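Participant: What follows is a structure written as structure tokens; I'll ask about it next.
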Amino acid sequence: MPDTHEWLITGMDCPSCVAKIKGAVTQLPGVEAVEVSLMSRKLRVTTTAHATPAADIANRVKSLGYGLEAIARTQDASAPHTGAEEHITQADAPWYRTGKGHLVLLTATLLFVAWGLVLVLPAAGVWPFIVACLAGLIPIALRAFAAIRAGQPFSIEALMSIAATGALFIGAAQEAALVVFLFAVGELLEGVAVSHARDGIRALGTLVPKTALREKNDMMEDVAAAELVPGDVVIVRPGDRIPADGKIISGTGGIDESPVTGESMPVTRGPGDPVFAGAINNETALRVQVTRAAADNTIARIIRLVEQAEDSRAPTQRFIDRFSRWYMPAIVVLSALVISIPPLLFGQAWSVWVYRGLSLLLIGCPCALVISVPAAIASALYAGARHGLLMKGGAVIEATAATKTVALDKTGTLTLGQPEVTDILCLDERSAATVLVLAAAVEKASNHPLAQAIVRKAEGMILPSVQDSRAIPGKGVSAVFDGQIITVASPRHAIQEGALSGAAAAQAAALESEGKTVVVLYANTALALIGLRDEPRQDAQETIRQLRSLGITPIILTGDNQRTAAAIAALLHTKYKAELLPEQKQQTIRELAMHGPVMMVGDGINDAPALKQATVGVAIGSGTDVALETADAAILRNCITDIPALIRLARSTMGNIRQNVSIALGLKGIFLVTTILGMTGLWLAIMADTGATVLVTLNALRLLRTELSGPAQKSA
């Protein structure tokens, strides 16, 4: 029977780390399956009965420079991969306490010391830089040798080790030390970015309360929410979050399900209706029977969906790592041939050809290539940050530039995220202003979003005094005004009370058909109808227009109801899919991705799985911390025209990178030929490599002046 072993990995901070670990473990005898999750930091290995011992698997991973901590062991290889959230909740160490953080601090310190010594004591020569280079290079080289032993000879560490060693041999110690330092910084920044993403996923767990009020034997007891099992009955008080997935036994009231479904309005739930863990009970006390254990509640499933989406994505490999697969072997072999063939076969002088071979190795040293991509990425990130556009690394920029479809969440992304009064239809001689202040006076004591919208609409007006305000659970609010009971409630309740009928009921239905929520102000009969809707942002139409001008197809994905979604989509002239749960949003993104790279833009916790499933997930700045940290990019200005701006910046960056690579490789190609022919020597080779580095850096700096405004803004 297969065995399954699980470990928690430390020091894993990028997709290439995942590939390296998976490749090394897969080669071990008897290993049937290897799962490596970057977000949960878990390694899960399934082996045959007489396979490599778990200790040997752990030692193989440790030899690559990673730490391991055993989690659990099961005998059923088909057991579901659950409980990841328990390990995600463990916070990462601060960057300055990690091995890569120590390496950055050490190399930076030694570099500054070396520059200082050379200025003060010129006789020190290059030795301070050699020391600085070796101090940073040795840990990288050890990881390279471990990868070689694991059957991966041309890793990014091997690339850097050969480049820096070659530079030392030809006397370019200062350049070698600087390249090693920049590589260490890049590795560290990747780790910091992934740590922030993990922080966002950890925040998901905080949506479910830690404790619950359980009803048992006619008594109430506070218990840990994690202890709840199907069949338990819990009491959820007004304002509390629901501690588990379940169904309502008694009680009726408004439930804010936006953390799970994305529904913009609280929905009324009563006996027999399902409720989700993490949803907020807005009104009356509810008795809820638990239907799912804590490990399988809605929030726990969302966490697993995020992890699975991360694992199923095909991560974009770093350009240098991909290029080194053929470039580095070719340069090393060519250099060796230049050094050995002329002396061995044609009796040429060894000193001449060793010199030319070392020059060739310097030309082949990928310093300009190593700098070209990070320089462009750094410039783009800085240019974006100045305009409130954040992208989490070069892979995100590359994927953003290739985007073919943009899927947009509705509530809080294309819309304002809160209801606004759109219509006031008076049904008697009263004016709209009179109706509004009366409705606001009745609603001012309620914290329901619809009530707050009406009160906001009446801001600055003098509200009449009312008495005996009370909530009608799940239906509305009433109060006494001028000796008469005035109620603001749903059309259904008004019809039941006999206050709404005939033409007025038809008018209410017409407003609802436009995707609006309608409330009725009535005494004995209806006095007015008030329509409310979460309206599109002012820049929503311009955003859709700019996306289409970039050749990108927009589509709305929302958990809101069909009528509301259809109304917003009609205003924006775009396609939509409505009433989507997180799993359905994720599946829709997966289907869209079959036709090309997909960008998902959202602001809610319910968007997290879709954000991770998409080629690029973008969070709006007004959204939750979870969305911001889970996404690959973020728009901080709360301006959705920044979505096409983000794509324009990414496309400009990729064009700049292609130019940089052409410059670096073009100069290397020219000097490679002239060096072999003896037309150029060591000093010109150094100048060629340094010159290429300067040129690509200057070219990258042009991105700082990138114009991010859309066509409409340019002409304004």
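Quick note on naming: the chains in the structure tokens go A, B, ... in the order shown, residues restart at 1 in each chain, and ligands are numbered from 1 in order of appearance.
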Would you give me, as a ChimeraX atom specification, the residues in range 100-242 of chain A that DSSP reads as helix (DSSP H, G or I)?
Facilitator: /A:100-120,122-124,127-149,156-169,173-205,225-227
Participant: I want to know what sits within 9 Å of Thr291 in chain A, based on only C-alpha atoms, with residues of the same chain fewer than 3 positions away left out; could you give that as a list in words?
Facilitator: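 Selected residues are Val229, Pro230, Gly231, Asp232, Ala244, Asp245, Gly246, Lys247 and Asn297 of chain A.
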Participant: Could you tell me how far CA of Val18 in chain A lies from CA of Val36 in chain A, in Å and to one decimal?
Facilitator: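 If I compute the distance from CA of Val18 in chain A to CA of Val36 in chain A, I get 6.1 Å.
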Participant: Within 9 Å of Ile568 in chain A, counting only C-alpha atoms, which residues qualify if same-chain residues fewer than 5 places away don't, as a list in words?
Facilitator: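 So the residues in contact are Lys410, Leu414, Thr415, Gly515, Glu535, Pro536, Arg563, His573 and Thr574 of chain A.
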Participant: As a PyMOL selection string, please: every residue in range 399-591 of chain A that DSSP puts in strand (DSSP E or B).
Facilitator: chain A and resi 405-409+415+420-426+467-472+476-481+484-489+517-522+526-533+536+553-557+575-577
Participant: Work out how far CA of Thr165 in chain A is from CA of Arg149 in chain A, in Å to one decimal.
Facilitator: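 One can read the CA of Arg149 in chain A to CA of Thr165 in chain A distance as 19.5 Å.
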Participant: List the neighbours of range 150-153 of chain A out to 12 Å using only C-alpha atoms; skip same-chain residues closer than 2 positions along the sequence, and give me the result as a ChimeraX atom specification.
Facilitator: /A:16,19-28,57,59-64,141,143-148,155-159,161-162,321,324-326,328-329
Participant: For those residues, write N, CA, C and O atoms to a file as a compact mmCIF listing (two decimals), in the first residue's frame.
Facilitator:
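The result, stored in selection.txt:
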# COMPACT_ATOMS: atom_id res chain seq x y z
N SER A 16 10.21 28.74 -9.29
CA SER A 16 11.39 27.94 -9.65
C SER A 16 11.82 27.06 -8.48
O SER A 16 12.35 25.96 -8.68
N ALA A 19 9.64 24.02 -8.75
CA ALA A 19 10.10 23.13 -9.81
C ALA A 19 11.37 22.39 -9.40
O ALA A 19 11.53 21.19 -9.69
N LYS A 20 12.26 23.08 -8.70
CA LYS A 20 13.52 22.46 -8.28
C LYS A 20 13.28 21.33 -7.28
O LYS A 20 13.83 20.23 -7.41
N ILE A 21 12.42 21.60 -6.29
CA ILE A 21 12.12 20.58 -5.28
C ILE A 21 11.41 19.39 -5.92
O ILE A 21 11.75 18.23 -5.67
N LYS A 22 10.43 19.69 -6.75
CA LYS A 22 9.66 18.62 -7.38
C LYS A 22 10.55 17.75 -8.27
O LYS A 22 10.48 16.53 -8.25
N GLY A 23 11.45 18.41 -9.04
CA GLY A 23 12.34 17.65 -9.91
C GLY A 23 13.30 16.78 -9.14
O GLY A 23 13.57 15.63 -9.52
N ALA A 24 13.83 17.30 -8.03
CA ALA A 24 14.80 16.53 -7.25
C ALA A 24 14.15 15.33 -6.57
O ALA A 24 14.73 14.24 -6.54
N VAL A 25 12.94 15.50 -6.02
CA VAL A 25 12.28 14.42 -5.30
C VAL A 25 11.74 13.36 -6.26
O VAL A 25 11.77 12.17 -5.97
N THR A 26 11.26 13.81 -7.41
CA THR A 26 10.69 12.87 -8.39
C THR A 26 11.70 11.81 -8.82
O THR A 26 11.32 10.68 -9.14
N GLN A 27 12.98 12.16 -8.84
CA GLN A 27 14.01 11.24 -9.31
C GLN A 27 14.33 10.14 -8.31
O GLN A 27 15.02 9.17 -8.65
N LEU A 28 13.88 10.25 -7.08
CA LEU A 28 14.21 9.25 -6.07
C LEU A 28 13.45 7.94 -6.34
O LEU A 28 12.31 7.96 -6.81
N ILE A 57 14.25 11.41 1.68
CA ILE A 57 13.53 12.45 0.91
C ILE A 57 13.79 13.82 1.54
O ILE A 57 14.08 14.80 0.85
N ASN A 59 16.31 14.71 3.39
CA ASN A 59 17.71 15.10 3.20
C ASN A 59 17.95 15.63 1.79
O ASN A 59 18.76 16.54 1.60
N ARG A 60 17.26 15.03 0.80
CA ARG A 60 17.42 15.52 -0.57
C ARG A 60 16.95 16.97 -0.68
O ARG A 60 17.60 17.81 -1.31
N VAL A 61 15.81 17.28 -0.06
CA VAL A 61 15.29 18.65 -0.11
C VAL A 61 16.18 19.61 0.68
O VAL A 61 16.47 20.73 0.24
N LYS A 62 16.66 19.15 1.84
CA LYS A 62 17.54 20.00 2.65
C LYS A 62 18.84 20.30 1.92
O LYS A 62 19.42 21.39 2.08
N SER A 63 19.32 19.36 1.11
CA SER A 63 20.57 19.58 0.38
C SER A 63 20.44 20.70 -0.65
O SER A 63 21.43 21.28 -1.08
N LEU A 64 19.18 21.01 -1.04
CA LEU A 64 18.94 22.10 -1.98
C LEU A 64 18.88 23.45 -1.27
O LEU A 64 18.71 24.49 -1.92
N ALA A 141 26.71 28.84 -4.78
CA ALA A 141 27.41 27.72 -5.42
C ALA A 141 27.06 26.39 -4.76
O ALA A 141 26.91 25.37 -5.44
N ARG A 143 24.24 25.61 -3.39
CA ARG A 143 22.93 25.23 -3.90
C ARG A 143 23.01 24.75 -5.33
O ARG A 143 22.30 23.81 -5.73
N ALA A 144 23.91 25.35 -6.11
CA ALA A 144 24.09 24.91 -7.50
C ALA A 144 24.62 23.49 -7.55
O ALA A 144 24.14 22.66 -8.34
N PHE A 145 25.61 23.16 -6.70
CA PHE A 145 26.17 21.81 -6.67
C PHE A 145 25.11 20.80 -6.22
O PHE A 145 25.06 19.67 -6.74
N ALA A 146 24.29 21.20 -5.25
CA ALA A 146 23.22 20.30 -4.80
C ALA A 146 22.23 20.03 -5.93
O ALA A 146 21.76 18.90 -6.11
N ALA A 147 21.91 21.07 -6.70
CA ALA A 147 21.01 20.89 -7.84
C ALA A 147 21.63 19.99 -8.91
O ALA A 147 20.95 19.18 -9.54
N ILE A 148 22.94 20.14 -9.11
CA ILE A 148 23.64 19.29 -10.07
C ILE A 148 23.55 17.83 -9.65
O ILE A 148 23.27 16.94 -10.45
N SER A 155 20.71 25.20 -13.36
CA SER A 155 19.80 26.02 -12.58
C SER A 155 20.27 27.47 -12.60
O SER A 155 21.38 27.78 -13.04
N ILE A 156 19.43 28.37 -12.09
CA ILE A 156 19.81 29.78 -12.02
C ILE A 156 21.02 29.96 -11.12
O ILE A 156 21.88 30.82 -11.35
N GLU A 157 21.14 29.11 -10.08
CA GLU A 157 22.31 29.20 -9.20
C GLU A 157 23.58 28.80 -9.94
O GLU A 157 24.65 29.41 -9.75
N ALA A 158 23.48 27.76 -10.79
CA ALA A 158 24.65 27.37 -11.59
C ALA A 158 25.04 28.47 -12.55
O ALA A 158 26.23 28.76 -12.75
N LEU A 159 24.05 29.10 -13.14
CA LEU A 159 24.30 30.21 -14.06
C LEU A 159 25.07 31.32 -13.36
O LEU A 159 26.09 31.81 -13.86
N SER A 161 26.82 31.11 -10.56
CA SER A 161 28.12 30.64 -10.06
C SER A 161 29.17 30.68 -11.15
O SER A 161 30.29 31.16 -10.95
N ILE A 162 28.83 30.18 -12.33
CA ILE A 162 29.80 30.18 -13.44
C ILE A 162 30.12 31.61 -13.87
O ILE A 162 31.28 31.96 -14.12
N ASP A 321 16.38 32.07 -16.34
CA ASP A 321 16.40 30.63 -16.07
C ASP A 321 16.09 29.85 -17.33
O ASP A 321 16.70 28.82 -17.62
N SER A 324 19.04 30.12 -19.88
CA SER A 324 20.26 29.42 -19.49
C SER A 324 20.26 27.95 -19.89
O SER A 324 21.30 27.30 -19.89
N ARG A 325 19.09 27.41 -20.21
CA ARG A 325 19.02 25.99 -20.56
C ARG A 325 19.91 25.66 -21.77
O ARG A 325 20.45 24.57 -21.85
N TRP A 326 20.00 26.60 -22.68
CA TRP A 326 20.90 26.34 -23.81
C TRP A 326 22.06 27.33 -23.87
O TRP A 326 23.13 27.01 -24.35
N MET A 328 23.95 28.87 -21.38
CA MET A 328 25.13 28.59 -20.54
C MET A 328 25.91 27.36 -21.01
O MET A 328 27.14 27.41 -21.10
N PRO A 329 25.27 26.25 -21.31
CA PRO A 329 26.05 25.12 -21.83
C PRO A 329 26.80 25.49 -23.10
O PRO A 329 27.96 25.08 -23.28
Participant: Could you please determine the separation between CA of Thr405 in chain A and CA of Leu547 in chain A in Å, to one decimal place?
Facilitator: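 Spanning CA of Thr405 in chain A to CA of Leu547 in chain A is a straight-line distance of 9.1 Å.
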Participant: Name the residues in contact with Ala528 in chain A at a cut-off of 8 Å, using only C-alpha atoms, excluding same-chain residues fewer than 2 positions from it; report them as a PyMOL selection string.
Facilitator: chain A and resi 424-428+435+520-522+526+530
Participant: Write a file of the selected residues as a PDB file, in the first residue's frame, keeping N, CA and C atoms.
Facilitator:
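As written to disk, out_37.pdb reads:
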ATOM      1  N   ILE A 424     -37.499  58.105  -6.738  1.00  0.00           N
ATOM      2  CA  ILE A 424     -38.513  58.367  -5.707  1.00  0.00           C
ATOM      3  C   ILE A 424     -39.819  58.638  -6.456  1.00  0.00           C
ATOM      4  N   LEU A 425     -40.750  57.689  -6.370  1.00  0.00           N
ATOM      5  CA  LEU A 425     -42.040  57.826  -7.054  1.00  0.00           C
ATOM      6  C   LEU A 425     -43.116  58.119  -6.016  1.00  0.00           C
ATOM      7  N   CYS A 426     -43.634  59.337  -6.043  1.00  0.00           N
ATOM      8  CA  CYS A 426     -44.664  59.738  -5.078  1.00  0.00           C
ATOM      9  C   CYS A 426     -46.030  59.220  -5.543  1.00  0.00           C
ATOM     10  N   LEU A 427     -46.800  58.676  -4.625  1.00  0.00           N
ATOM     11  CA  LEU A 427     -48.098  58.093  -4.959  1.00  0.00           C
ATOM     12  C   LEU A 427     -49.268  58.935  -4.461  1.00  0.00           C
ATOM     13  N   ASP A 428     -48.967  60.091  -3.845  1.00  0.00           N
ATOM     14  CA  ASP A 428     -50.027  61.026  -3.475  1.00  0.00           C
ATOM     15  C   ASP A 428     -49.526  62.433  -3.750  1.00  0.00           C
ATOM     16  N   VAL A 435     -41.278  63.169   0.923  1.00  0.00           N
ATOM     17  CA  VAL A 435     -41.237  61.709   1.055  1.00  0.00           C
ATOM     18  C   VAL A 435     -39.871  61.260   1.556  1.00  0.00           C
ATOM     19  N   VAL A 520     -41.105  50.435   0.096  1.00  0.00           N
ATOM     20  CA  VAL A 520     -42.380  51.164   0.049  1.00  0.00           C
ATOM     21  C   VAL A 520     -42.536  51.965   1.335  1.00  0.00           C
ATOM     22  N   LEU A 521     -42.842  53.249   1.187  1.00  0.00           N
ATOM     23  CA  LEU A 521     -43.185  54.102   2.327  1.00  0.00           C
ATOM     24  C   LEU A 521     -44.709  54.135   2.404  1.00  0.00           C
ATOM     25  N   TYR A 522     -45.264  53.668   3.520  1.00  0.00           N
ATOM     26  CA  TYR A 522     -46.727  53.625   3.595  1.00  0.00           C
ATOM     27  C   TYR A 522     -47.208  53.837   5.031  1.00  0.00           C
ATOM     28  N   ALA A 526     -49.963  53.066   0.413  1.00  0.00           N
ATOM     29  CA  ALA A 526     -48.623  53.419  -0.046  1.00  0.00           C
ATOM     30  C   ALA A 526     -48.536  54.913  -0.345  1.00  0.00           C
ATOM     31  N   ILE A 530     -39.495  53.885  -3.356  1.00  0.00           N
ATOM     32  CA  ILE A 530     -38.104  54.342  -3.431  1.00  0.00           C
ATOM     33  C   ILE A 530     -37.267  53.216  -4.039  1.00  0.00           C
TER      34      ILE A 530
END
